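Q: My structure is in coords.tsv, and what it holds is TSV, C-alpha atoms:
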```tsv
chain	number	residue	atom	x	y	z
A	1	MET	CA	18.33	-24.39	0.08
A	2	LYS	CA	19.01	-20.75	0.79
A	3	LEU	CA	16.30	-19.42	-1.52
A	4	VAL	CA	12.86	-20.92	-0.96
A	5	LEU	CA	11.07	-21.20	-4.29
A	6	VAL	CA	7.33	-21.33	-3.81
A	7	TRP	CA	5.21	-22.44	-6.77
A	8	ARG	CA	1.96	-20.53	-6.46
A	9	ILE	CA	-1.10	-21.37	-8.53
A	10	ILE	CA	-3.11	-18.35	-9.58
A	11	ASP	CA	-6.71	-19.41	-10.06
A	12	THR	CA	-8.01	-16.17	-11.51
A	13	MET	CA	-6.20	-13.40	-13.32
A	14	ASN	CA	-7.16	-9.82	-13.90
A	15	ASP	CA	-6.37	-8.12	-17.20
A	16	THR	CA	-3.22	-6.53	-15.81
A	17	LEU	CA	-1.85	-9.88	-14.74
A	18	LYS	CA	-2.65	-11.41	-18.12
A	19	ALA	CA	-0.87	-8.54	-19.89
A	20	PHE	CA	2.14	-8.92	-17.63
A	21	TYR	CA	2.67	-12.58	-18.49
A	22	LYS	CA	1.82	-12.13	-22.15
A	23	LEU	CA	4.61	-9.55	-22.44
A	24	PHE	CA	7.14	-12.24	-21.55
A	25	SER	CA	5.56	-14.85	-23.87
A	26	LEU	CA	3.92	-16.79	-21.03
A	27	THR	CA	0.37	-18.09	-21.01
A	28	GLU	CA	-2.26	-18.43	-18.32
A	29	GLN	CA	-1.45	-22.14	-18.17
A	30	ASP	CA	2.20	-21.36	-17.32
A	31	ILE	CA	1.51	-19.39	-14.18
A	32	GLY	CA	2.62	-21.08	-11.00
A	33	GLN	CA	3.80	-24.18	-12.87
A	34	GLU	CA	7.25	-25.55	-12.07
A	35	LYS	CA	7.53	-27.09	-15.51
A	36	SER	CA	7.00	-23.66	-17.09
A	37	ALA	CA	9.77	-22.19	-14.98
A	38	LEU	CA	11.99	-25.09	-16.00
A	39	LYS	CA	11.32	-24.30	-19.66
A	40	LEU	CA	12.76	-20.85	-19.07
A	41	ILE	CA	15.84	-21.75	-17.07
A	42	GLY	CA	16.59	-25.18	-18.56
A	43	THR	CA	17.11	-27.22	-15.40
A	44	PHE	CA	17.60	-26.77	-11.68
A	45	ASP	CA	20.53	-29.17	-11.93
A	46	SER	CA	22.77	-26.50	-13.38
A	47	PRO	CA	25.85	-24.57	-12.20
A	48	LEU	CA	23.62	-21.58	-11.40
A	49	MET	CA	21.18	-23.51	-9.24
A	50	ARG	CA	23.93	-25.51	-7.55
A	51	LYS	CA	25.49	-22.18	-6.59
A	52	VAL	CA	22.19	-20.81	-5.28
A	53	ALA	CA	21.52	-24.00	-3.30
A	54	ASN	CA	24.99	-24.01	-1.71
A	55	PRO	CA	24.52	-23.61	2.07
A	56	ASN	CA	27.66	-21.44	2.22
A	57	ILE	CA	26.42	-18.81	-0.22
A	58	SER	CA	25.02	-15.60	1.25
A	59	ASP	CA	21.45	-14.61	0.50
A	60	GLU	CA	22.61	-11.49	-1.33
A	61	ASP	CA	24.95	-13.54	-3.51
A	62	ALA	CA	22.12	-16.00	-4.23
A	63	ILE	CA	19.79	-13.21	-5.36
A	64	ASN	CA	22.56	-11.67	-7.46
A	65	ALA	CA	23.21	-15.05	-9.08
A	66	LEU	CA	19.54	-15.39	-10.00
A	67	ASN	CA	19.38	-11.86	-11.39
A	68	SER	CA	22.48	-12.53	-13.50
A	69	SER	CA	20.46	-14.98	-15.59
A	70	PRO	CA	17.67	-13.32	-17.62
A	71	ASN	CA	15.80	-16.60	-18.05
A	72	HIS	CA	15.97	-17.43	-14.39
A	73	ALA	CA	14.98	-13.89	-13.41
A	74	LEU	CA	11.82	-14.30	-15.48
A	75	ALA	CA	11.17	-17.72	-13.97
A	76	ASN	CA	11.64	-16.28	-10.50
A	77	TYR	CA	9.04	-13.61	-11.16
A	78	LEU	CA	6.75	-16.14	-12.82
A	79	VAL	CA	6.35	-18.09	-9.60
A	80	LEU	CA	7.26	-15.61	-6.86
A	81	MET	CA	6.79	-11.96	-7.67
A	82	GLY	CA	4.29	-11.67	-10.51
A	83	GLU	CA	1.29	-11.07	-8.28
A	84	ASP	CA	3.20	-8.55	-6.19
A	85	MET	CA	4.33	-6.56	-9.21
A	86	VAL	CA	0.84	-6.58	-10.68
A	87	SER	CA	-0.53	-5.38	-7.34
A	88	LEU	CA	1.92	-2.49	-7.49
A	89	SER	CA	0.97	-1.88	-11.12
A	90	ASP	CA	-2.72	-1.69	-10.22
A	91	PHE	CA	-1.90	0.76	-7.45
A	92	PHE	CA	0.24	2.73	-9.91
A	93	GLU	CA	-2.69	3.03	-12.31
A	94	THR	CA	-4.74	4.64	-9.54
A	95	TYR	CA	-2.16	7.43	-9.28
A	96	ARG	CA	-0.93	7.45	-12.86
A	97	ASP	CA	-1.61	11.18	-13.36
A	98	LEU	CA	0.40	12.08	-10.26
A	99	MET	CA	3.48	10.07	-11.22
A	100	GLY	CA	4.16	11.90	-14.48
A	101	ASN	CA	5.96	10.57	-17.56
A	102	ASP	CA	9.53	10.30	-16.26
A	103	VAL	CA	9.52	7.48	-13.72
A	104	ALA	CA	12.37	5.62	-12.02
A	105	GLU	CA	12.20	2.19	-10.40
A	106	LEU	CA	14.59	1.75	-7.48
A	107	GLY	CA	16.21	-1.64	-6.99
A	108	CYS	CA	14.95	-2.86	-10.35
A	109	GLY	CA	16.90	-6.15	-10.26
A	110	ALA	CA	16.63	-7.80	-13.65
A	111	GLY	CA	14.26	-5.07	-14.81
A	112	VAL	CA	11.12	-7.17	-15.18
A	113	PHE	CA	8.79	-4.61	-13.63
A	114	SER	CA	10.46	-1.63	-15.32
A	115	THR	CA	10.08	-3.34	-18.69
A	116	TYR	CA	6.46	-4.16	-17.98
A	117	LEU	CA	5.66	-0.62	-16.82
A	118	ALA	CA	7.27	0.92	-19.89
A	119	SER	CA	5.45	-1.48	-22.21
A	120	ALA	CA	2.13	-0.68	-20.58
A	121	HIS	CA	2.76	3.08	-21.00
A	122	PRO	CA	4.48	3.84	-24.34
A	123	ASN	CA	4.42	7.60	-23.66
A	124	MET	CA	6.29	7.18	-20.40
A	125	THR	CA	10.06	7.05	-19.91
A	126	VAL	CA	11.05	4.44	-17.33
A	127	THR	CA	14.54	4.15	-15.82
A	128	GLY	CA	15.41	1.05	-13.82
A	129	ILE	CA	18.17	1.61	-11.27
A	130	ASP	CA	20.11	-1.14	-9.50
A	131	ARG	CA	23.51	-1.34	-7.85
A	132	GLN	CA	24.39	-4.75	-9.30
A	133	LYS	CA	26.05	-4.81	-12.73
A	134	THR	CA	24.91	-8.39	-13.37
A	135	SER	CA	21.28	-7.41	-12.75
A	136	ILE	CA	21.53	-4.47	-15.14
A	137	LYS	CA	23.08	-6.73	-17.78
A	138	SER	CA	20.13	-9.11	-17.45
A	139	ALA	CA	17.70	-6.19	-17.57
A	140	GLU	CA	19.15	-5.03	-20.88
A	141	GLN	CA	18.71	-8.52	-22.33
A	142	ILE	CA	15.12	-8.79	-21.12
A	143	LYS	CA	14.39	-5.33	-22.55
A	144	LYS	CA	15.86	-6.42	-25.89
A	145	ARG	CA	13.78	-9.60	-25.86
A	146	VAL	CA	10.59	-7.61	-25.34
A	147	GLY	CA	11.54	-4.76	-27.68
A	148	CYS	CA	10.85	-1.85	-25.34
A	149	ASP	CA	12.31	1.47	-26.54
A	150	ASN	CA	11.10	3.74	-23.71
A	151	CYS	CA	12.91	1.87	-20.94
A	152	SER	CA	16.55	2.24	-19.91
A	153	PHE	CA	18.71	0.97	-17.06
A	154	LEU	CA	21.31	2.56	-14.84
A	155	CYS	CA	23.82	0.86	-12.54
A	156	ALA	CA	23.99	3.07	-9.44
A	157	GLN	CA	23.64	2.86	-5.68
A	158	ILE	CA	21.08	5.36	-4.47
A	159	GLY	CA	22.57	7.62	-1.83
A	160	VAL	CA	26.13	6.74	-2.89
A	161	THR	CA	26.25	7.37	-6.64
A	162	PRO	CA	25.50	11.05	-7.40
A	163	LEU	CA	22.33	11.37	-9.51
A	164	SER	CA	21.63	14.80	-10.96
A	165	HIS	CA	18.40	13.82	-12.72
A	166	ILE	CA	15.08	14.67	-11.06
A	167	TYR	CA	12.30	12.18	-11.85
A	168	SER	CA	8.63	13.07	-11.93
A	169	GLY	CA	7.83	9.95	-9.91
A	170	VAL	CA	9.64	7.03	-8.28
A	171	VAL	CA	8.50	3.48	-7.57
A	172	GLY	CA	10.11	0.72	-5.52
A	173	LEU	CA	9.23	-2.95	-5.12
A	174	ASN	CA	10.39	-3.81	-1.57
A	175	TYR	CA	13.25	-1.37	-2.12
A	176	LEU	CA	13.24	0.41	1.23
A	177	TRP	CA	13.10	-2.71	3.39
A	178	ASN	CA	15.91	-4.35	1.43
A	179	GLN	CA	18.13	-1.29	1.77
A	180	ILE	CA	17.53	-0.82	5.48
A	181	VAL	CA	18.30	-4.41	6.50
A	182	ALA	CA	20.78	-5.19	3.73
A	183	GLU	CA	23.41	-6.56	6.10
A	184	TYR	CA	21.06	-9.13	7.62
A	185	PRO	CA	20.22	-12.36	5.76
A	186	TYR	CA	16.67	-12.71	4.44
A	187	GLY	CA	14.40	-14.49	6.88
A	188	ARG	CA	16.52	-13.68	9.94
A	189	GLN	CA	14.10	-12.92	12.75
A	190	ASP	CA	16.40	-10.89	15.03
A	191	GLU	CA	13.81	-8.17	15.44
A	192	GLU	CA	15.64	-6.14	18.08
A	193	ARG	CA	18.77	-5.75	15.93
A	194	ILE	CA	16.74	-4.99	12.80
A	195	PHE	CA	14.74	-2.43	14.79
A	196	ASN	CA	17.98	-0.68	15.78
A	197	VAL	CA	19.21	-0.72	12.19
A	198	MET	CA	15.98	0.91	11.05
A	199	LEU	CA	16.39	3.61	13.70
A	200	GLN	CA	19.79	4.39	12.24
A	201	LYS	CA	19.11	3.92	8.53
A	202	SER	CA	15.53	4.78	7.60
A	203	ASN	CA	16.30	8.46	7.07
A	204	ASP	CA	19.50	7.58	5.18
A	205	VAL	CA	17.38	5.56	2.73
A	206	PHE	CA	14.49	7.99	2.36
A	207	ALA	CA	16.58	11.17	2.05
A	208	PRO	CA	18.16	10.26	-1.34
A	209	VAL	CA	14.73	9.11	-2.57
A	210	ALA	CA	13.34	12.54	-1.70
A	211	GLN	CA	16.24	14.16	-3.56
A	212	MET	CA	15.24	12.29	-6.73
A	213	LEU	CA	11.84	14.01	-6.74
A	214	PRO	CA	10.74	17.55	-7.61
A	215	ASP	CA	8.88	19.62	-5.02
A	216	MET	CA	5.47	17.97	-4.55
A	217	GLY	CA	6.79	14.80	-6.22
A	218	TRP	CA	5.58	11.27	-5.48
A	219	TYR	CA	7.05	7.96	-4.32
A	220	LEU	CA	5.04	4.75	-4.67
A	221	GLY	CA	6.31	1.74	-2.77
A	222	PHE	CA	5.32	-1.86	-2.18
A	223	GLU	CA	6.99	-3.46	0.85
A	224	ILE	CA	6.83	-6.98	2.31
A	225	ILE	CA	7.79	-6.68	5.97
A	226	PRO	CA	7.69	-9.12	8.93
A	227	SER	CA	6.01	-6.64	11.28
A	228	ASN	CA	3.90	-3.53	11.03
A	229	THR	CA	6.18	-2.06	13.70
A	230	PHE	CA	8.98	-2.01	11.15
A	231	THR	CA	6.74	-0.14	8.73
A	232	GLY	CA	6.23	2.53	11.36
A	233	MET	CA	9.98	2.79	11.81
A	234	MET	CA	10.50	3.18	8.06
A	235	LEU	CA	7.92	5.92	7.83
A	236	ASN	CA	9.65	7.83	10.62
A	237	GLY	CA	12.54	8.16	8.17
A	238	ALA	CA	10.08	9.38	5.55
A	239	PHE	CA	8.77	12.12	7.86
A	240	SER	CA	12.27	13.42	8.58
A	241	SER	CA	12.98	13.45	4.83
A	242	ASP	CA	9.90	15.55	4.03
A	243	LEU	CA	8.02	12.61	2.51
A	244	MET	CA	4.47	12.43	3.81
A	245	PRO	CA	2.33	9.25	3.68
A	246	ILE	CA	-0.83	10.01	1.73
A	247	HIS	CA	-2.31	6.57	1.15
A	248	CYS	CA	-1.63	3.02	2.30
A	249	ILE	CA	-3.13	-0.40	1.53
A	250	HIS	CA	-2.27	-3.23	3.92
A	251	GLY	CA	-2.62	-6.99	3.67
A	252	LYS	CA	-1.22	-9.99	5.53
A	253	LEU	CA	0.66	-12.53	3.43
A	254	ASN	CA	1.91	-16.07	3.84
A	255	ILE	CA	5.27	-16.44	2.11
A	256	GLY	CA	7.28	-19.66	2.02
A	257	ASP	CA	8.31	-20.76	5.48
A	258	VAL	CA	7.42	-17.40	7.04
A	259	ASP	CA	4.17	-17.66	8.96
A	260	THR	CA	2.89	-14.14	8.37
A	261	SER	CA	4.29	-11.06	6.71
A	262	HIS	CA	2.72	-7.68	6.11
A	263	GLY	CA	2.42	-6.29	2.61
A	264	TYR	CA	2.10	-2.54	2.24
A	265	ALA	CA	1.52	-0.45	-0.85
A	266	PHE	CA	1.92	3.19	0.10
A	267	LEU	CA	2.05	6.56	-1.60
A	268	LEU	CA	4.34	9.29	-0.25
A	269	GLN	CA	4.34	12.93	-1.30
A	270	LYS	CA	7.36	15.21	-1.11
A	271	ASN	CA	6.25	18.25	0.83
A	272	LEU	CA	8.83	20.79	2.03
A	273	ASN	CA	6.25	23.00	3.76
A	274	GLN	CA	5.24	20.69	6.60
A	275	THR	CA	5.83	22.03	10.09
A	276	PHE	CA	7.14	19.87	12.92
A	277	ALA	CA	3.67	19.91	14.48
A	278	SER	CA	1.98	18.71	11.29
A	279	LYS	CA	4.60	15.97	10.87
A	280	ARG	CA	4.00	14.81	14.43
A	281	LYS	CA	0.25	14.75	13.84
A	282	PHE	CA	0.75	12.66	10.69
A	283	ALA	CA	3.10	10.31	12.55
A	284	GLU	CA	0.56	9.74	15.32
A	285	MET	CA	-2.17	8.97	12.79
A	286	VAL	CA	0.07	6.57	10.87
A	287	SER	CA	1.17	4.76	14.03
A	288	ASP	CA	-2.44	4.37	15.13
A	289	ARG	CA	-3.55	3.02	11.74
A	290	LEU	CA	-0.61	0.61	11.53
A	291	SER	CA	-1.25	-0.78	15.01
A	292	GLN	CA	-4.86	-1.52	14.00
A	293	ASP	CA	-3.98	-2.86	10.52
A	294	ILE	CA	-6.20	-0.15	9.02
A	295	ASP	CA	-5.72	1.23	5.51
A	296	TRP	CA	-5.74	4.98	5.04
```
With the file now loaded, output its structure as structure tokens.
A:
Amino acid sequence: MKLVLVWRIIDTMNDTLKAFYKLFSLTEQDIGQEKSALKLIGTFDSPLMRKVANPNISDEDAINALNSSPNHALANYLVLMGEDMVSLSDFFETYRDLMGNDVAELGCGAGVFSTYLASAHPNMTVTGIDRQKTSIKSAEQIKKRVGCDNCSFLCAQIGVTPLSHIYSGVVGLNYLWNQIVAEYPYGRQDEERIFNVMLQKSNDVFAPVAQMLPDMGWYLGFEIIPSNTFTGMMLNGAFSSDLMPIHCIHGKLNIGDVDTSHGYAFLLQKNLNQTFASKRKFAEMVSDRLSQDIDW
């Protein structure tokens, strides 16, 4: 099966995690349970799941198929991404005052995190942005189900579709990594080719993100990456786009059939006044911290 579904049992939940699942009418007993996911999507023996399980379908098409079904998108997050999104939410709360009240989520998919963020902050305006029309359609349905008035969705490809709006803050759940290696199937471990792609693309991805922010604006990202070397390559693109890493939390993860991945939550600040020397000093510090798996 092209998409590995991992049913994870969450033994303890913090208040944020409880609020996240409650928003989508799920209980603590549902979390990590296959039967609960089945209640949402009906059955795995369905046209949708047969399509996803087809060995000839590309990984991107499989993800798009899942995001085209609101119920399955929720089930997917129930068992796969809930903890990750709550981790990002907790990190967001730390920097809530910096992010402002006009926030965009890049690569929002079916809009589960955007809807949650908007529900948690009624005074905030949240815009979920995704390039797939089917994902945006699902996001609108999930928003309607929850009844969230301060959340909206936009179908656009960042860096391709002109966006005139400047957001006070931007968040992304594995957005940068997905954009940089979009042409390679998920799980492909051709590190040399991916490394070369990152050399070519990291600035192309970060530059439009920087353009979405005001001077001294903030980007908050959460990335799941096979190697900390790739994180360093991504942040090189950030430096050249006048986005400076301010804070980073690192943790090693075990995901599906991948032995070890690196999870990074990092905060970047748009700063147009950095000299080349100061950028180089930052880059050296970041590279040193990444090589030692040290937070900063």
Q: Report the distance between CA of Val126 (chain A) and CA of Val146 (chain A) in Å, rounded to one decimal place.
A: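 Between CA of Val126 (chain A) and CA of Val146 (chain A) the gap is 14.5 Å.
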Q: Select, from A:Arg289, A:Arg193, A:Lys270, A:His121, the residue with the minimum atom-to-atom distance to Pro214 (chain A), counting all atoms listed in the file.
A: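 Ranking A:Arg289, A:Arg193, A:Lys270, A:His121 by distance to Pro214 (chain A), first place goes to A:Lys270.
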Q: Give the answer as one residue: which of A:Asn203, A:Ser135, A:Ser291, A:Ser114 has the shortest atom-to-atom distance to Asn236 (chain A), using all atoms listed in the file?
A: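 Result for the nearest residue to Asn236 (chain A): A:Asn203.
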Q: In Å to one decimal, how far is CA of Met216 (chain A) from CA of Gln292 (chain A)?
A: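 Result for CA of Gln292 (chain A) versus CA of Met216 (chain A): 28.8 Å, one decimal.
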Q: In Å, how far is it from CA of Phe239 (chain A) to CA of Ile166 (chain A)?
A: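 One can read the CA of Phe239 (chain A) to CA of Ile166 (chain A) distance as 20.1 Å.
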